[in-house]
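final-v3.csv (CSV, C-alpha atoms)
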```csv
chain,number,residue,atom,x,y,z
A,260,MET,CA,105.1,27.6,160.8
A,261,ILE,CA,104.7,23.8,160.9
A,262,GLU,CA,101.6,24.3,163.0
A,263,SER,CA,100.0,26.3,160.2
A,264,ALA,CA,100.9,23.7,157.6
A,265,TYR,CA,99.2,21.0,159.7
A,266,HIS,CA,96.2,23.3,160.1
A,267,ILE,CA,95.9,23.6,156.3
A,268,VAL,CA,96.3,19.8,155.8
A,269,TYR,CA,93.6,19.1,158.4
A,270,LEU,CA,91.2,21.6,156.7
A,271,ILE,CA,91.9,20.2,153.3
A,272,SER,CA,91.3,16.6,154.5
A,273,LEU,CA,88.1,17.6,156.2
A,274,ILE,CA,86.8,19.3,153.0
A,275,TRP,CA,87.8,16.1,151.1
A,276,PHE,CA,86.0,13.9,153.6
A,277,SER,CA,82.9,16.1,153.4
A,278,ILE,CA,82.8,15.7,149.6
A,279,LEU,CA,83.3,11.9,149.9
A,280,ILE,CA,80.5,11.7,152.5
A,281,SER,CA,78.2,13.6,150.2
A,282,ALA,CA,79.0,11.1,147.4
A,283,MET,CA,78.3,8.2,149.6
A,284,LEU,CA,75.0,9.7,150.7
A,285,ILE,CA,74.0,10.0,147.1
A,286,ARG,CA,75.0,6.4,146.5
A,287,ALA,CA,73.0,5.3,149.6
A,288,ILE,CA,69.9,7.0,148.1
A,289,ILE,CA,70.4,5.9,144.5
A,290,GLY,CA,72.0,2.5,145.0
A,291,PRO,CA,70.1,-0.1,143.0
A,292,ARG,CA,70.8,-2.9,145.5
A,293,ILE,CA,70.5,-3.1,149.2
A,294,THR,CA,74.1,-4.2,149.5
A,295,ASP,CA,75.2,-0.9,147.8
A,296,ARG,CA,73.2,1.0,150.3
A,297,ILE,CA,74.6,-0.9,153.3
A,298,LEU,CA,78.1,-0.5,152.0
A,299,SER,CA,77.7,3.2,151.5
A,300,ILE,CA,76.3,3.6,155.0
A,301,ASN,CA,79.4,1.7,156.3
A,302,MET,CA,81.7,4.0,154.3
A,303,ILE,CA,79.9,7.1,155.7
A,304,GLY,CA,80.4,5.8,159.2
A,305,THR,CA,84.1,5.2,158.5
A,306,MET,CA,84.6,8.7,157.1
A,307,VAL,CA,82.8,10.3,160.0
A,308,ILE,CA,85.2,8.5,162.3
A,309,CYS,CA,88.1,9.9,160.3
A,310,CYS,CA,86.6,13.4,160.5
A,311,ILE,CA,86.3,13.0,164.3
A,312,ALA,CA,89.9,11.9,164.6
A,313,ILE,CA,91.0,14.9,162.5
A,314,LEU,CA,88.9,17.3,164.5
A,315,SER,CA,90.4,15.8,167.7
A,316,ARG,CA,93.9,16.7,166.4
A,317,LEU,CA,92.9,20.1,165.0
A,318,LEU,CA,91.0,21.3,168.1
A,319,LYS,CA,93.5,19.6,170.5
A,320,GLU,CA,90.6,18.0,172.3
A,321,ASP,CA,91.5,14.4,173.4
A,322,TYR,CA,88.0,13.4,174.4
A,323,LEU,CA,87.0,13.5,170.7
A,324,ALA,CA,89.1,10.4,170.2
A,325,ASP,CA,86.9,8.6,172.7
A,326,VAL,CA,83.8,9.8,170.9
A,327,GLY,CA,85.3,8.4,167.7
A,328,LEU,CA,85.8,5.0,169.3
A,329,ILE,CA,82.3,4.9,170.6
A,330,TYR,CA,81.0,6.0,167.2
A,331,ALA,CA,83.0,3.2,165.6
A,332,MET,CA,81.4,0.6,167.8
A,333,ILE,CA,77.9,1.8,167.2
A,334,SER,CA,78.6,2.0,163.4
A,335,PHE,CA,79.9,-1.5,163.3
A,336,VAL,CA,77.0,-3.0,165.2
A,337,SER,CA,74.4,-1.1,163.1
A,338,VAL,CA,76.0,-2.3,159.9
A,339,LEU,CA,75.9,-5.9,161.2
A,340,ILE,CA,72.3,-5.6,162.1
A,341,LEU,CA,71.4,-4.1,158.7
A,342,ALA,CA,73.3,-6.8,156.9
A,343,SER,CA,71.7,-9.6,159.0
A,344,ILE,CA,68.2,-8.2,158.2
A,345,TYR,CA,68.5,-7.3,154.6
A,346,ILE,CA,71.2,-9.6,153.0
A,347,PRO,CA,69.9,-13.0,152.0
A,348,ALA,CA,70.9,-15.9,154.3
A,349,GLY,CA,70.6,-19.6,154.5
A,350,LYS,CA,69.7,-22.1,151.9
A,351,LYS,CA,67.1,-19.9,150.3
A,352,ARG,CA,69.3,-17.4,148.6
A,353,GLY,CA,67.5,-14.4,147.0
A,354,LYS,CA,65.2,-13.9,150.0
A,355,PHE,CA,65.5,-11.8,153.1
A,356,ALA,CA,66.5,-13.5,156.3
A,357,PHE,CA,63.1,-12.9,157.9
A,358,GLU,CA,61.4,-14.4,154.9
A,359,VAL,CA,63.5,-17.5,155.1
A,360,LYS,CA,62.6,-17.8,158.8
A,361,ASP,CA,58.9,-17.5,158.0
A,362,GLU,CA,59.1,-20.2,155.3
A,363,ILE,CA,60.9,-22.6,157.6
A,364,GLU,CA,58.2,-22.1,160.2
A,365,LYS,CA,55.5,-22.7,157.6
A,366,GLU,CA,57.3,-25.9,156.5
A,367,LYS,CA,57.5,-27.1,160.1
A,368,ALA,CA,53.8,-26.4,160.6
A,369,ALA,CA,52.9,-28.3,157.4
A,370,LYS,CA,55.0,-31.3,158.5
A,371,GLU,CA,53.3,-31.3,161.9
A,372,LYS,CA,49.9,-31.2,160.3
A,373,GLU,CA,50.9,-34.2,158.0
A,374,GLU,CA,52.1,-36.1,161.1
A,375,GLN,CA,48.8,-35.4,162.9
A,376,LYS,CA,46.8,-36.6,159.9
A,377,GLY,CA,48.9,-39.7,159.6
A,378,GLY,CA,48.5,-40.4,163.3
A,379,SER,CA,44.7,-40.0,163.4
A,380,ALA,CA,44.3,-42.2,160.3
A,381,LEU,CA,45.9,-45.2,162.1
```

Hey, can you dump this file as structure tokens for me?
Amino acid sequence: MIESAYHIVYLISLIWFSILISAMLIRAIIGPRITDRILSINMIGTMVICCIAILSRLLKEDYLADVGLIYAMISFVSVLILASIYIPAGKKRGKFAFEVKDEIEKEKAAKEKEEQKGGSAL
């Protein structure tokens, strides 16, 4: 009897997580800012990990817990990479990290040219 109650709770929670994952997928597509999209992808990853844990208990397969842990590590690293690429960094807020790097390199090249001109004039 208690086993069937757990089975119903697991199924209801899986249905609920599938609805939430669909909502986050819509948010990832529509989201006006890149931070909204990254956050929704992070939430999708977290909810998939919860679904894997629930399936591990429902199906009585212990290896699914290991799969969930590996998925958690991959999800964490992917969100970090996306955030480091797309979220503005450094003193030049409002620009992407790779644009800031390009501007810094251009500034260094301009300084080197000025130094070379100053050195050749002497």

- Task: Name all residues at most 10 Å from range 298-313 of chain A (count all atoms listed in the file; drop same-chain ones fewer than 3 positions away) and give them as an NGL selection string.
- Result: :A and (268-270 or 272-277 or 279-288 or 290 or 293-295 or 316-321 or 323-331 or 333-335 or 337-339 or 341-342)

- To one decimal in Å, tell me the separation between CA of Arg296 in chain A and CA of Tyr345 in chain A.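 Between CA of Arg296 in chain A and CA of Tyr345 in chain A the gap works out to 10.5 Å.
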
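Between CA of Ile340 in chain A and CA of Arg292 in chain A lies a distance of 16.9 Å.
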
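Rounded to one decimal, CA of Ile346 in chain A and CA of Ile363 in chain A lie 17.2 Å from each other.
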
- Message: Which residue is closest to His266 in chain A? Choose from A:Leu314, A:Glu373, A:Ile278, A:Ile289 and count only C-alpha atoms.
- Response: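 Looking only at the distances to His266 in chain A, the closest residue turns out to be A:Leu314.
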
Can we get range 306-325 of chain A of that structure written down with N, CA and C atoms, as a PDB file, in the first residue's frame?
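Result file is selection_32.pdb:
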```pdb
ATOM      1  N   MET A 306      16.393  20.714 -12.876  1.00  0.00           N
ATOM      2  CA  MET A 306      15.166  19.919 -12.863  1.00  0.00           C
ATOM      3  C   MET A 306      15.363  18.550 -13.511  1.00  0.00           C
ATOM      4  N   VAL A 307      16.223  18.472 -14.507  1.00  0.00           N
ATOM      5  CA  VAL A 307      16.518  17.165 -15.104  1.00  0.00           C
ATOM      6  C   VAL A 307      17.238  16.282 -14.093  1.00  0.00           C
ATOM      7  N   ILE A 308      18.115  16.872 -13.303  1.00  0.00           N
ATOM      8  CA  ILE A 308      18.809  16.110 -12.262  1.00  0.00           C
ATOM      9  C   ILE A 308      17.795  15.583 -11.241  1.00  0.00           C
ATOM     10  N   CYS A 309      16.826  16.404 -10.881  1.00  0.00           N
ATOM     11  CA  CYS A 309      15.770  15.952  -9.962  1.00  0.00           C
ATOM     12  C   CYS A 309      14.953  14.824 -10.581  1.00  0.00           C
ATOM     13  N   CYS A 310      14.655  14.928 -11.859  1.00  0.00           N
ATOM     14  CA  CYS A 310      13.909  13.856 -12.545  1.00  0.00           C
ATOM     15  C   CYS A 310      14.705  12.559 -12.563  1.00  0.00           C
ATOM     16  N   ILE A 311      16.011  12.674 -12.784  1.00  0.00           N
ATOM     17  CA  ILE A 311      16.857  11.472 -12.775  1.00  0.00           C
ATOM     18  C   ILE A 311      16.858  10.834 -11.390  1.00  0.00           C
ATOM     19  N   ALA A 312      16.925  11.661 -10.340  1.00  0.00           N
ATOM     20  CA  ALA A 312      16.896  11.125  -8.975  1.00  0.00           C
ATOM     21  C   ALA A 312      15.560  10.448  -8.678  1.00  0.00           C
ATOM     22  N   ILE A 313      14.477  11.049  -9.127  1.00  0.00           N
ATOM     23  CA  ILE A 313      13.159  10.442  -8.909  1.00  0.00           C
ATOM     24  C   ILE A 313      13.042   9.132  -9.682  1.00  0.00           C
ATOM     25  N   LEU A 314      13.516   9.123 -10.916  1.00  0.00           N
ATOM     26  CA  LEU A 314      13.484   7.874 -11.697  1.00  0.00           C
ATOM     27  C   LEU A 314      14.357   6.798 -11.068  1.00  0.00           C
ATOM     28  N   SER A 315      15.448   7.206 -10.451  1.00  0.00           N
ATOM     29  CA  SER A 315      16.312   6.244  -9.773  1.00  0.00           C
ATOM     30  C   SER A 315      15.555   5.538  -8.650  1.00  0.00           C
ATOM     31  N   ARG A 316      14.771   6.297  -7.899  1.00  0.00           N
ATOM     32  CA  ARG A 316      13.980   5.702  -6.813  1.00  0.00           C
ATOM     33  C   ARG A 316      12.793   4.910  -7.367  1.00  0.00           C
ATOM     34  N   LEU A 317      12.161   5.450  -8.403  1.00  0.00           N
ATOM     35  CA  LEU A 317      10.961   4.808  -8.956  1.00  0.00           C
ATOM     36  C   LEU A 317      11.284   3.463  -9.599  1.00  0.00           C
ATOM     37  N   LEU A 318      12.358   3.435 -10.360  1.00  0.00           N
ATOM     38  CA  LEU A 318      12.735   2.213 -11.072  1.00  0.00           C
ATOM     39  C   LEU A 318      13.637   1.292 -10.262  1.00  0.00           C
ATOM     40  N   LYS A 319      14.060   1.776  -9.086  1.00  0.00           N
ATOM     41  CA  LYS A 319      14.972   1.021  -8.204  1.00  0.00           C
ATOM     42  C   LYS A 319      16.265   0.659  -8.929  1.00  0.00           C
ATOM     43  N   GLU A 320      16.797   1.633  -9.655  1.00  0.00           N
ATOM     44  CA  GLU A 320      18.070   1.478 -10.362  1.00  0.00           C
ATOM     45  C   GLU A 320      19.071   2.456  -9.759  1.00  0.00           C
ATOM     46  N   ASP A 321      20.025   1.933  -9.003  1.00  0.00           N
ATOM     47  CA  ASP A 321      20.971   2.793  -8.282  1.00  0.00           C
ATOM     48  C   ASP A 321      21.961   3.501  -9.204  1.00  0.00           C
ATOM     49  N   TYR A 322      22.231   2.939 -10.350  1.00  0.00           N
ATOM     50  CA  TYR A 322      23.205   3.566 -11.245  1.00  0.00           C
ATOM     51  C   TYR A 322      22.712   4.913 -11.783  1.00  0.00           C
ATOM     52  N   LEU A 323      21.401   5.137 -11.769  1.00  0.00           N
ATOM     53  CA  LEU A 323      20.868   6.413 -12.239  1.00  0.00           C
ATOM     54  C   LEU A 323      21.286   7.574 -11.329  1.00  0.00           C
ATOM     55  N   ALA A 324      21.550   7.289 -10.068  1.00  0.00           N
ATOM     56  CA  ALA A 324      22.049   8.334  -9.166  1.00  0.00           C
ATOM     57  C   ALA A 324      23.433   8.786  -9.621  1.00  0.00           C
ATOM     58  N   ASP A 325      24.259   7.855 -10.063  1.00  0.00           N
ATOM     59  CA  ASP A 325      25.583   8.209 -10.598  1.00  0.00           C
ATOM     60  C   ASP A 325      25.454   9.030 -11.875  1.00  0.00           C
TER      61      ASP A 325
END
```
